[in-house]
$ cat work-v5.cif   # mmCIF, C-alpha atoms and all ligand atoms
data_model
#
loop_
_atom_site.group_PDB
_atom_site.id
_atom_site.type_symbol
_atom_site.label_atom_id
_atom_site.label_comp_id
_atom_site.auth_asym_id
_atom_site.auth_seq_id
_atom_site.Cartn_x
_atom_site.Cartn_y
_atom_site.Cartn_z
ATOM 1 C CA MET A 1 6.224 -10.133 16.409
ATOM 2 C CA ALA A 2 8.425 -13.250 16.164
ATOM 3 C CA GLU A 3 7.980 -14.481 12.581
ATOM 4 C CA ASN A 4 7.790 -18.136 11.621
ATOM 5 C CA PRO A 5 9.574 -19.142 8.401
ATOM 6 C CA PRO A 6 7.630 -17.550 5.518
ATOM 7 C CA LEU A 7 4.874 -19.527 3.870
ATOM 8 C CA MET A 8 5.337 -17.902 0.488
ATOM 9 C CA VAL A 9 7.368 -15.025 -0.893
ATOM 10 C CA LEU A 10 7.510 -13.028 -4.088
ATOM 11 C CA CYS A 11 10.911 -13.621 -5.662
ATOM 12 C CA GLU A 12 12.930 -12.492 -8.643
ATOM 13 C CA ARG A 13 14.097 -15.927 -9.769
ATOM 14 C CA GLU A 14 13.573 -19.620 -9.193
ATOM 15 C CA GLY A 15 15.385 -21.632 -6.563
ATOM 16 C CA ILE A 16 15.330 -22.515 -2.919
ATOM 17 C CA ASP A 17 15.033 -19.471 -0.754
ATOM 18 C CA LYS A 18 17.235 -19.820 2.329
ATOM 19 C CA SER A 19 14.533 -18.235 4.471
ATOM 20 C CA PHE A 20 12.389 -21.362 4.026
ATOM 21 C CA GLY A 21 12.999 -24.261 6.336
ATOM 22 C CA CYS A 22 11.473 -26.904 4.040
ATOM 23 C CA ARG A 23 10.911 -27.931 0.423
ATOM 24 C CA VAL A 24 9.643 -25.154 -1.842
ATOM 25 C CA GLU A 25 7.585 -25.059 -5.028
ATOM 26 C CA THR A 26 7.774 -22.108 -7.399
ATOM 27 C CA VAL A 27 4.526 -20.847 -8.906
ATOM 28 C CA GLY A 28 4.358 -18.220 -11.661
ATOM 29 C CA LEU A 29 1.946 -15.302 -11.748
ATOM 30 C CA GLU A 30 1.406 -13.026 -14.744
ATOM 31 C CA LEU A 31 -1.047 -10.148 -14.518
ATOM 32 C CA ASP A 32 -2.127 -7.586 -17.066
ATOM 33 C CA ILE A 33 -1.522 -4.275 -15.313
ATOM 34 C CA LEU A 34 -2.617 -1.211 -17.278
ATOM 35 C CA GLY A 35 -2.203 -3.027 -20.569
ATOM 36 C CA GLU A 36 1.236 -4.512 -19.901
ATOM 37 C CA PRO A 37 2.088 -7.935 -18.472
ATOM 38 C CA VAL A 38 3.753 -8.078 -15.067
ATOM 39 C CA ARG A 39 5.391 -11.365 -14.057
ATOM 40 C CA PHE A 40 6.068 -12.657 -10.577
ATOM 41 C CA GLN A 41 7.386 -15.870 -9.173
ATOM 42 C CA ILE A 42 6.195 -17.082 -5.834
ATOM 43 C CA ASN A 43 8.099 -19.593 -3.726
ATOM 44 C CA VAL A 44 5.661 -21.646 -1.647
ATOM 45 C CA THR A 45 6.319 -24.228 1.053
ATOM 46 C CA ASP A 46 4.818 -27.669 0.548
ATOM 47 C CA ARG A 47 3.060 -27.797 3.921
ATOM 48 C CA HIS A 48 -0.463 -27.098 5.114
ATOM 49 C CA ALA A 49 -1.127 -23.581 6.345
ATOM 50 C CA ARG A 50 -3.773 -21.242 7.724
ATOM 51 C CA LEU A 51 -5.229 -18.476 5.580
ATOM 52 C CA SER A 52 -3.759 -15.884 7.971
ATOM 53 C CA GLU A 53 -0.290 -17.145 6.999
ATOM 54 C CA ILE A 54 -0.884 -15.861 3.454
ATOM 55 C CA VAL A 55 -1.344 -12.301 4.736
ATOM 56 C CA PRO A 56 2.346 -11.213 4.500
ATOM 57 C CA PHE A 57 2.422 -12.426 0.889
ATOM 58 C CA ALA A 58 -0.876 -10.666 0.036
ATOM 59 C CA ARG A 59 0.425 -7.448 1.625
ATOM 60 C CA ALA A 60 3.692 -7.685 -0.332
ATOM 61 C CA LEU A 61 1.805 -8.301 -3.579
ATOM 62 C CA SER A 62 -0.553 -5.354 -3.039
ATOM 63 C CA THR A 63 2.387 -3.059 -2.258
ATOM 64 C CA LYS A 64 4.238 -4.225 -5.376
ATOM 65 C CA LEU A 65 1.173 -3.702 -7.583
ATOM 66 C CA ALA A 66 0.566 -0.251 -6.089
ATOM 67 C CA MET A 67 4.202 0.689 -6.841
ATOM 68 C CA ILE A 68 3.879 -0.495 -10.444
ATOM 69 C CA VAL A 69 0.634 1.459 -10.911
ATOM 70 C CA SER A 70 2.197 4.529 -9.294
ATOM 71 C CA ASP A 71 5.270 4.298 -11.566
ATOM 72 C CA ARG A 72 3.124 3.914 -14.680
ATOM 73 C CA LEU A 73 0.915 6.835 -13.724
ATOM 74 C CA GLY A 74 4.075 8.862 -13.093
ATOM 75 C CA ALA A 75 5.424 7.943 -16.539
ATOM 76 C CA GLY A 76 2.110 9.156 -17.969
ATOM 77 C CA GLY A 77 2.512 12.535 -16.274
ATOM 78 C CA LYS A 78 0.228 11.943 -13.286
ATOM 79 C CA THR A 79 1.487 12.372 -9.748
ATOM 80 C CA VAL A 80 0.383 9.993 -7.016
ATOM 81 C CA SER A 81 0.285 11.923 -3.769
ATOM 82 C CA CYS A 82 0.392 8.927 -1.372
ATOM 83 C CA TYR A 83 3.636 8.382 0.540
ATOM 84 C CA LYS A 84 4.806 6.978 3.867
ATOM 85 C CA GLY A 85 3.958 9.607 6.457
ATOM 86 C CA CYS A 86 0.829 10.947 4.761
ATOM 87 C CA THR A 87 -2.158 10.187 6.966
ATOM 88 C CA ALA A 88 -4.768 12.226 5.113
ATOM 89 C CA CYS A 89 -7.014 9.192 4.545
ATOM 90 C CA CYS A 90 -6.534 7.636 7.998
ATOM 91 C CA SER A 91 -9.979 8.517 9.323
ATOM 92 C CA TYR A 92 -11.818 6.343 6.809
ATOM 93 C CA LEU A 93 -13.323 2.999 7.685
ATOM 94 C CA VAL A 94 -10.778 0.358 6.702
ATOM 95 C CA PRO A 95 -12.170 -3.037 5.625
ATOM 96 C CA LEU A 96 -10.128 -6.134 6.440
ATOM 97 C CA SER A 97 -10.407 -9.580 4.906
ATOM 98 C CA ILE A 98 -11.014 -12.348 7.460
ATOM 99 C CA PRO A 99 -7.407 -13.686 7.349
ATOM 100 C CA GLU A 100 -6.135 -10.120 7.953
ATOM 101 C CA VAL A 101 -8.367 -9.874 11.034
ATOM 102 C CA PHE A 102 -6.732 -12.932 12.600
ATOM 103 C CA ARG A 103 -3.256 -11.743 11.581
ATOM 104 C CA LEU A 104 -3.961 -8.323 13.075
ATOM 105 C CA ARG A 105 -4.998 -9.949 16.351
ATOM 106 C CA GLN A 106 -1.667 -11.832 16.486
ATOM 107 C CA GLU A 107 0.248 -8.636 15.699
ATOM 108 C CA VAL A 108 -1.533 -6.583 18.361
ATOM 109 C CA LEU A 109 -0.965 -9.360 20.927
ATOM 110 C CA ALA A 110 2.742 -9.269 20.009
ATOM 111 C CA MET A 111 3.009 -5.490 20.547
ATOM 112 C CA GLN A 112 4.565 -4.074 23.670
ATOM 113 C CA ALA A 113 1.956 -4.104 26.447
ATOM 114 C CA GLU A 114 1.359 -0.327 26.554
ATOM 115 C CA GLN A 115 1.081 -0.006 22.793
ATOM 116 C CA GLY A 116 -1.223 -3.021 22.455
ATOM 117 C CA LYS A 117 -3.421 -1.679 25.250
ATOM 118 C CA SER A 118 -3.625 1.733 23.600
ATOM 119 C CA VAL A 119 -4.629 0.190 20.236
ATOM 120 C CA LEU A 120 -7.252 -1.973 21.935
ATOM 121 C CA GLN A 121 -8.695 1.022 23.803
ATOM 122 C CA SER A 122 -8.853 3.081 20.603
ATOM 123 C CA CYS A 123 -10.590 0.193 18.818
ATOM 124 C CA LEU A 124 -13.143 -0.149 21.613
ATOM 125 C CA TYR A 125 -13.780 3.616 21.650
ATOM 126 C CA ALA A 126 -14.285 3.680 17.867
ATOM 127 C CA ALA A 127 -16.450 0.544 17.973
ATOM 128 C CA LYS A 128 -18.667 2.124 20.644
ATOM 129 C CA LYS A 129 -19.023 5.326 18.568
ATOM 130 C CA ILE A 130 -19.945 3.240 15.540
ATOM 131 C CA LEU A 131 -22.577 1.254 17.406
ATOM 132 C CA ASP A 132 -23.954 4.298 19.306
ATOM 133 C CA GLU A 133 -24.055 6.733 16.407
ATOM 134 C CA ARG A 134 -24.755 4.511 13.438
ATOM 135 C CA PRO A 135 -27.414 5.805 11.058
ATOM 136 C CA GLU A 136 -30.866 4.464 11.928
ATOM 137 C CA ASP A 137 -31.260 2.759 8.578
ATOM 138 C CA SER A 138 -27.799 1.164 8.717
ATOM 139 C CA ASP A 139 -27.275 -2.566 8.753
ATOM 140 C CA ILE A 140 -24.186 -2.286 10.926
ATOM 141 C CA ASN A 141 -25.446 -4.747 13.527
ATOM 142 C CA GLU A 142 -23.464 -7.473 11.834
ATOM 143 C CA SER A 143 -19.688 -7.083 12.152
ATOM 144 C CA THR A 144 -19.091 -8.580 8.732
ATOM 145 C CA GLN A 145 -20.126 -6.360 5.863
ATOM 146 C CA THR A 146 -20.499 -6.639 2.119
ATOM 147 C CA LYS A 147 -18.473 -4.357 -0.179
ATOM 148 C CA SER A 148 -21.372 -1.957 -0.857
ATOM 149 C CA GLN A 149 -22.240 -1.793 2.850
ATOM 150 C CA ILE A 150 -18.619 -0.987 3.705
ATOM 151 C CA SER A 151 -18.503 1.727 1.077
ATOM 152 C CA ARG A 152 -21.673 3.403 2.417
ATOM 153 C CA LEU A 153 -20.574 3.064 6.030
ATOM 154 C CA SER A 154 -17.119 4.412 5.221
ATOM 155 C CA ARG A 155 -18.578 7.677 3.943
ATOM 156 C CA TRP A 156 -20.663 7.989 7.101
ATOM 157 C CA TYR A 157 -17.748 6.961 9.359
ATOM 158 C CA ALA A 158 -15.401 9.553 7.851
ATOM 159 C CA GLY A 159 -17.855 12.178 9.106
ATOM 160 C CA LEU A 160 -17.155 11.062 12.700
ATOM 161 C CA ARG A 161 -13.528 12.141 12.170
ATOM 162 C CA LEU A 162 -12.164 9.393 14.392
ATOM 163 C CA PRO A 163 -8.476 8.708 13.814
ATOM 164 C CA CYS A 164 -7.523 5.118 12.971
ATOM 165 C CA PRO A 165 -6.657 3.146 16.141
ATOM 166 C CA PHE A 166 -3.154 2.664 14.676
ATOM 167 C CA LEU A 167 -2.536 6.385 14.300
ATOM 168 C CA SER A 168 -0.360 7.854 17.051
ATOM 169 C CA ASN A 169 1.027 11.407 16.904
ATOM 170 C CA ASN A 170 -0.060 11.435 13.261
ATOM 171 C CA ILE A 171 2.111 8.398 12.446
ATOM 172 C CA CYS A 172 0.864 4.924 11.513
ATOM 173 C CA ILE A 173 2.460 2.731 14.190
ATOM 174 C CA SER A 174 1.788 -0.362 12.112
ATOM 175 C CA TYR A 175 2.859 0.930 8.699
ATOM 176 C CA GLU A 176 4.822 -2.163 7.634
ATOM 177 C CA GLN A 177 1.881 -4.350 8.663
ATOM 178 C CA ARG A 178 -0.899 -2.002 7.540
ATOM 179 C CA PRO A 179 -4.021 -3.496 5.956
ATOM 180 C CA ILE A 180 -4.183 -4.279 2.257
ATOM 181 C CA ALA A 181 -6.952 -1.654 1.881
ATOM 182 C CA CYS A 182 -4.473 1.039 3.034
ATOM 183 C CA ARG A 183 -1.903 -0.165 0.476
ATOM 184 C CA GLU A 184 -4.437 -0.142 -2.366
ATOM 185 C CA HIS A 185 -5.866 3.299 -1.621
ATOM 186 C CA MET A 186 -4.145 5.736 -3.930
ATOM 187 C CA VAL A 187 -5.022 9.203 -5.200
ATOM 188 C CA THR A 188 -3.612 11.514 -7.812
ATOM 189 C CA GLY A 189 -3.685 15.222 -7.271
ATOM 190 C CA SER A 190 -3.688 16.778 -3.844
ATOM 191 C CA ALA A 191 -3.981 14.555 -0.766
ATOM 192 C CA ILE A 192 -6.462 17.085 0.556
ATOM 193 C CA PHE A 193 -8.913 15.222 -1.667
ATOM 194 C CA CYS A 194 -8.915 12.552 1.056
ATOM 195 C CA ASP A 195 -10.281 14.940 3.680
ATOM 196 C CA THR A 196 -14.061 14.724 3.519
ATOM 197 C CA GLN A 197 -14.390 17.961 5.498
ATOM 198 C CA TYR A 198 -12.497 19.962 2.898
ATOM 199 C CA SER A 199 -14.779 21.676 0.447
ATOM 200 C CA MET A 200 -12.952 21.740 -2.870
ATOM 201 C CA PRO A 201 -13.614 24.002 -5.797
ATOM 202 C CA ASP A 202 -14.845 21.957 -8.788
ATOM 203 C CA GLY A 203 -11.565 22.441 -10.658
ATOM 204 C CA ASP A 204 -9.593 20.871 -7.810
ATOM 205 C CA ARG A 205 -12.054 18.017 -7.555
ATOM 206 C CA GLU A 206 -11.670 17.261 -11.261
ATOM 207 C CA SER A 207 -7.894 17.239 -11.067
ATOM 208 C CA SER A 208 -7.857 14.881 -8.090
ATOM 209 C CA ARG A 209 -9.098 11.346 -8.213
ATOM 210 C CA ILE A 210 -8.959 7.985 -6.544
ATOM 211 C CA VAL A 211 -6.956 5.511 -8.628
ATOM 212 C CA GLN A 212 -8.900 2.375 -9.525
ATOM 213 C CA MET A 213 -6.451 -0.485 -9.045
ATOM 214 C CA PRO A 214 -6.316 -2.886 -12.018
ATOM 215 C CA VAL A 215 -6.783 -5.722 -9.556
ATOM 216 C CA SER A 216 -7.769 -5.519 -5.909
ATOM 217 C CA VAL A 217 -5.727 -7.976 -3.848
ATOM 218 C CA LEU A 218 -8.119 -7.323 -0.961
ATOM 219 C CA GLU A 219 -11.194 -8.362 -2.949
ATOM 220 C CA CYS A 220 -9.415 -11.409 -4.389
ATOM 221 C CA PHE A 221 -8.214 -12.443 -0.931
ATOM 222 C CA ALA A 222 -11.771 -12.123 0.434
ATOM 223 C CA GLU A 223 -12.996 -14.241 -2.484
ATOM 224 C CA LEU A 224 -10.326 -16.895 -1.850
ATOM 225 C CA THR A 225 -11.375 -17.023 1.810
ATOM 226 C CA ALA A 226 -15.050 -17.397 0.903
ATOM 227 C CA GLU A 227 -14.308 -20.191 -1.555
ATOM 228 C CA LEU A 228 -12.077 -22.145 0.829
ATOM 229 C CA GLU A 229 -14.365 -21.670 3.838
ATOM 230 C CA GLN A 230 -17.517 -22.002 1.721
ATOM 231 C CA SER A 231 -18.844 -18.800 3.253
ATOM 232 C CA ASN A 232 -19.990 -15.405 1.953
ATOM 233 C CA VAL A 233 -17.433 -12.838 0.767
ATOM 234 C CA GLU A 234 -16.917 -10.844 3.960
ATOM 235 C CA SER A 235 -15.026 -7.883 5.367
ATOM 236 C CA VAL A 236 -14.681 -6.734 8.951
ATOM 237 C CA MET A 237 -14.261 -3.048 9.793
ATOM 238 C CA LEU A 238 -10.916 -2.366 11.449
ATOM 239 C CA PRO A 239 -12.272 -0.911 14.733
ATOM 240 C CA LEU A 240 -14.440 -4.029 15.194
ATOM 241 C CA ALA A 241 -11.727 -6.491 14.159
ATOM 242 C CA LEU A 242 -10.238 -7.399 17.553
ATOM 243 C CA PRO A 243 -13.501 -8.295 19.335
ATOM 244 C CA TRP A 244 -14.694 -10.028 16.156
ATOM 245 C CA ALA A 245 -11.531 -12.166 16.029
ATOM 246 C CA GLN A 246 -11.935 -13.105 19.690
ATOM 247 C CA GLU A 247 -15.507 -14.264 19.075
ATOM 248 C CA ASN A 248 -14.620 -16.236 15.942
ATOM 249 C CA LEU A 249 -11.322 -17.858 16.889
ATOM 250 C CA GLU A 250 -12.480 -21.263 15.646
ATOM 251 C CA ARG A 251 -12.359 -19.866 12.096
ATOM 252 C CA SER A 252 -8.639 -19.144 12.406
ATOM 253 C CA VAL A 253 -7.370 -22.686 12.839
ATOM 254 C CA GLN A 254 -8.383 -24.475 9.641
ATOM 255 C CA THR A 255 -5.520 -25.351 7.276
ATOM 256 C CA TRP A 256 -5.193 -26.176 3.570
ATOM 257 C CA PRO A 257 -2.193 -27.181 1.411
ATOM 258 C CA ALA A 258 -0.232 -23.952 0.853
ATOM 259 C CA VAL A 259 0.467 -24.682 -2.819
ATOM 260 C CA MET A 260 -3.231 -25.304 -3.517
ATOM 261 C CA MET A 261 -4.115 -22.019 -1.771
ATOM 262 C CA VAL A 262 -1.621 -19.956 -3.747
ATOM 263 C CA GLU A 263 -2.630 -21.563 -7.050
ATOM 264 C CA HIS A 264 -6.273 -20.818 -6.301
ATOM 265 C CA PHE A 265 -5.404 -17.261 -5.252
ATOM 266 C CA ILE A 266 -3.547 -16.774 -8.534
ATOM 267 C CA LYS A 267 -6.550 -18.023 -10.499
ATOM 268 C CA ILE A 268 -8.792 -15.469 -8.772
ATOM 269 C CA LEU A 269 -6.252 -12.638 -9.246
ATOM 270 C CA LYS A 270 -5.839 -13.412 -12.949
ATOM 271 C CA ALA A 271 -9.597 -13.587 -13.524
ATOM 272 C CA ALA A 272 -10.077 -10.226 -11.767
ATOM 273 C CA ALA A 273 -7.191 -8.569 -13.650
ATOM 274 C CA SER A 274 -8.443 -9.847 -16.967
ATOM 275 C CA LYS A 275 -12.043 -8.770 -16.223
ATOM 276 C CA ASN A 276 -10.891 -5.265 -15.182
ATOM 277 C CA SER A 277 -8.631 -5.016 -18.222
ATOM 278 C CA ALA A 278 -11.583 -5.937 -20.496
ATOM 279 C CA VAL A 279 -13.770 -3.306 -18.785
ATOM 280 C CA GLY A 280 -10.955 -0.731 -19.159
ATOM 281 C CA THR A 281 -10.568 -1.553 -22.853
ATOM 282 C CA ALA A 282 -14.311 -1.358 -23.438
ATOM 283 C CA SER A 283 -14.578 2.009 -21.734
ATOM 284 C CA ASN A 284 -11.536 3.547 -23.512
HETATM 285 S S1 LIG A 301 -3.595 1.186 9.490
HETATM 286 FE FE1 LIG A 301 -2.118 2.855 9.306
HETATM 287 S S2 LIG A 301 -2.214 3.487 7.120
HETATM 288 FE FE2 LIG A 301 -4.076 2.265 7.571
HETATM 289 S S3 LIG A 301 -5.663 3.804 8.125
HETATM 290 FE FE3 LIG A 301 -4.671 3.077 10.035
HETATM 291 S S4 LIG A 301 -3.036 4.582 10.446
HETATM 292 FE FE4 LIG A 301 -3.641 4.823 8.285
#

$ encode --input "work-v5.cif" --output "structure tokens"
Amino acid sequence: MAENPPLMVLCEREGIDKSFGCRVETVGLELDILGEPVRFQINVTDRHARLSEIVPFARALSTKLAMIVSDRLGAGGKTVSCYKGCTACCSYLVPLSIPEVFRLRQEVLAMQAEQGKSVLQSCLYAAKKILDERPEDSDINESTQTKSQISRLSRWYAGLRLPCPFLSNNICISYEQRPIACREHMVTGSAIFCDTQYSMPDGDRESSRIVQMPVSVLECFAELTAELEQSNVESVMLPLALPWAQENLERSVQTWPAVMMVEHFIKILKAAASKNSAVGTASN
């Protein structure tokens, strides 16, 4: 996909980034990650922008946070089994924030024709399976789902054993642009823990666990979207994302000042990190 100049980037130090084509403001971000502060600086353009333009930044931030958590777990003697090329969890239902849905649509449209067509067909096949085979008591009729609905549906969906529409020959064809949910999903112990069909002895189950991220960029991004759009906090399931985006295109065009958006995003991230850190301290 041909990229426009970046809206905002994580950077090591202050100053004009040559990749920007306009004036830049630098905003600081400090988060408490597993009891230690982590500092970032974010260079932001001074123009108006769409929420979907924040997606590359949100992806980069979630990847960075996942790496820090992984390193700290490693230093504490725990091994994270997630790595590029592992697709053990790629039959789960992946929730996307609304800006990610519109970004995904752009990225699929920018794919080579055959690849884009194949992704679209896989999405339509999975969407049909979801709608045809959904549990009778499910509330899946609405494309947008709350967090608890997504979690319940994801367990059911994993039982269908449908590969992700972006999985081809057991490789994620969109790895660099994968959803934030994929970046934040991390397990210690064997990756076989991710396979819902595998029946594990209790000992294995105890030694394997999903890592709770100290702050979920996905949830904070969904909250930012809800606050700016004055809507509910929403997610769209990946297989339903492309038709959903097509039906809701008018939601993709609104713009806000980029600096205001990033400052608001930071406020939400810090509040979430501090709340999770307080919960962690209380439960230690
Ligand atoms: S987008 Fe890629 S990493 Fe995420 S579930 Fe699909 S194949 Fe796996």

$ residues_near_ligand --input "work-v5.cif" --ligand "ligand LIG 301 (chain A)" --cutoff "7 Å" --atoms "all atoms listed in the file" --output "number ranges by chain"
A: 87, 89-92, 94, 164-167, 171-175, 178-179, 182

$ write_last_selection --input "work-v5.cif" --atoms "C-alpha atoms" --output "short mmCIF file (atom, residue, chain, number, x, y, z; two decimals), keeping the file's coordinate frame"
data_model
loop_
_atom_site.label_atom_id
_atom_site.label_comp_id
_atom_site.auth_asym_id
_atom_site.auth_seq_id
_atom_site.Cartn_x
_atom_site.Cartn_y
_atom_site.Cartn_z
CA THR A 87 -2.16 10.19 6.97
CA CYS A 89 -7.01 9.19 4.54
CA CYS A 90 -6.53 7.64 8.00
CA SER A 91 -9.98 8.52 9.32
CA TYR A 92 -11.82 6.34 6.81
CA VAL A 94 -10.78 0.36 6.70
CA CYS A 164 -7.52 5.12 12.97
CA PRO A 165 -6.66 3.15 16.14
CA PHE A 166 -3.15 2.66 14.68
CA LEU A 167 -2.54 6.38 14.30
CA ILE A 171 2.11 8.40 12.45
CA CYS A 172 0.86 4.92 11.51
CA ILE A 173 2.46 2.73 14.19
CA SER A 174 1.79 -0.36 12.11
CA TYR A 175 2.86 0.93 8.70
CA ARG A 178 -0.90 -2.00 7.54
CA PRO A 179 -4.02 -3.50 5.96
CA CYS A 182 -4.47 1.04 3.03
#

$ closest_residue --input "work-v5.cif" --among "A:Val187, A:Ala126, A:Leu228, A:Ala60" --to "Gln254 of chain A" --atoms "all atoms listed in the file"
A:Leu228

$ residues_around --input "work-v5.cif" --residues "segment 63-66 of chain A" --least-positions-apart "6" --cutoff "10 Å" --atoms "all atoms listed in the file" --output "list in words"
Leu10, Leu31, Ile33, Val38, Phe57, Arg72, Ile180, Cys182, Arg183, Glu184, His185, Met186, Val211, Met213, Pro214, Val215, Ser216 and Val217 of chain A

$ closest_residue --input "work-v5.cif" --among "A:Val259, A:Leu93, A:Ser122, A:Val108" --to "Arg152 of chain A" --atoms "all atoms listed in the file"
A:Leu93

$ atom_distance --input "work-v5.cif" --atom1 "atom CA of Leu218 of chain A" --atom2 "atom CA of Glu30 of chain A"
17.7 Å

$ resolve_selection --input "work-v5.cif" --expression "the PyMOL selection byres (((chain A and resi 244-252) around 12) and not hetatm)" --output "JSON, numbers by chain"
{"A": [49, 50, 51, 52, 53, 96, 97, 98, 99, 100, 101, 102, 103, 104, 105, 106, 108, 109, 123, 124, 127, 142, 143, 144, 225, 226, 228, 229, 230, 231, 235, 236, 237, 238, 239, 240, 241, 242, 243, 253, 254, 255, 256]}

$ atom_distance --input "work-v5.cif" --atom1 "atom CA of Val27 of chain A" --atom2 "atom CA of Gln41 of chain A"
5.7 Å

$ closest_residue --input "work-v5.cif" --among "A:Glu133, A:Glu176, A:Leu162, A:Leu61" --to "Lys84 of chain A" --atoms "only C-alpha atoms"
A:Glu176

$ atom_distance --input "work-v5.cif" --atom1 "atom CA of Ser277 of chain A" --atom2 "atom CA of Pro95 of chain A"
24.2 Å

$ closest_residue --input "work-v5.cif" --among "A:Ser190, A:Lys128, A:Pro135, A:His48" --to "Thr79 of chain A" --atoms "all atoms listed in the file"
A:Ser190
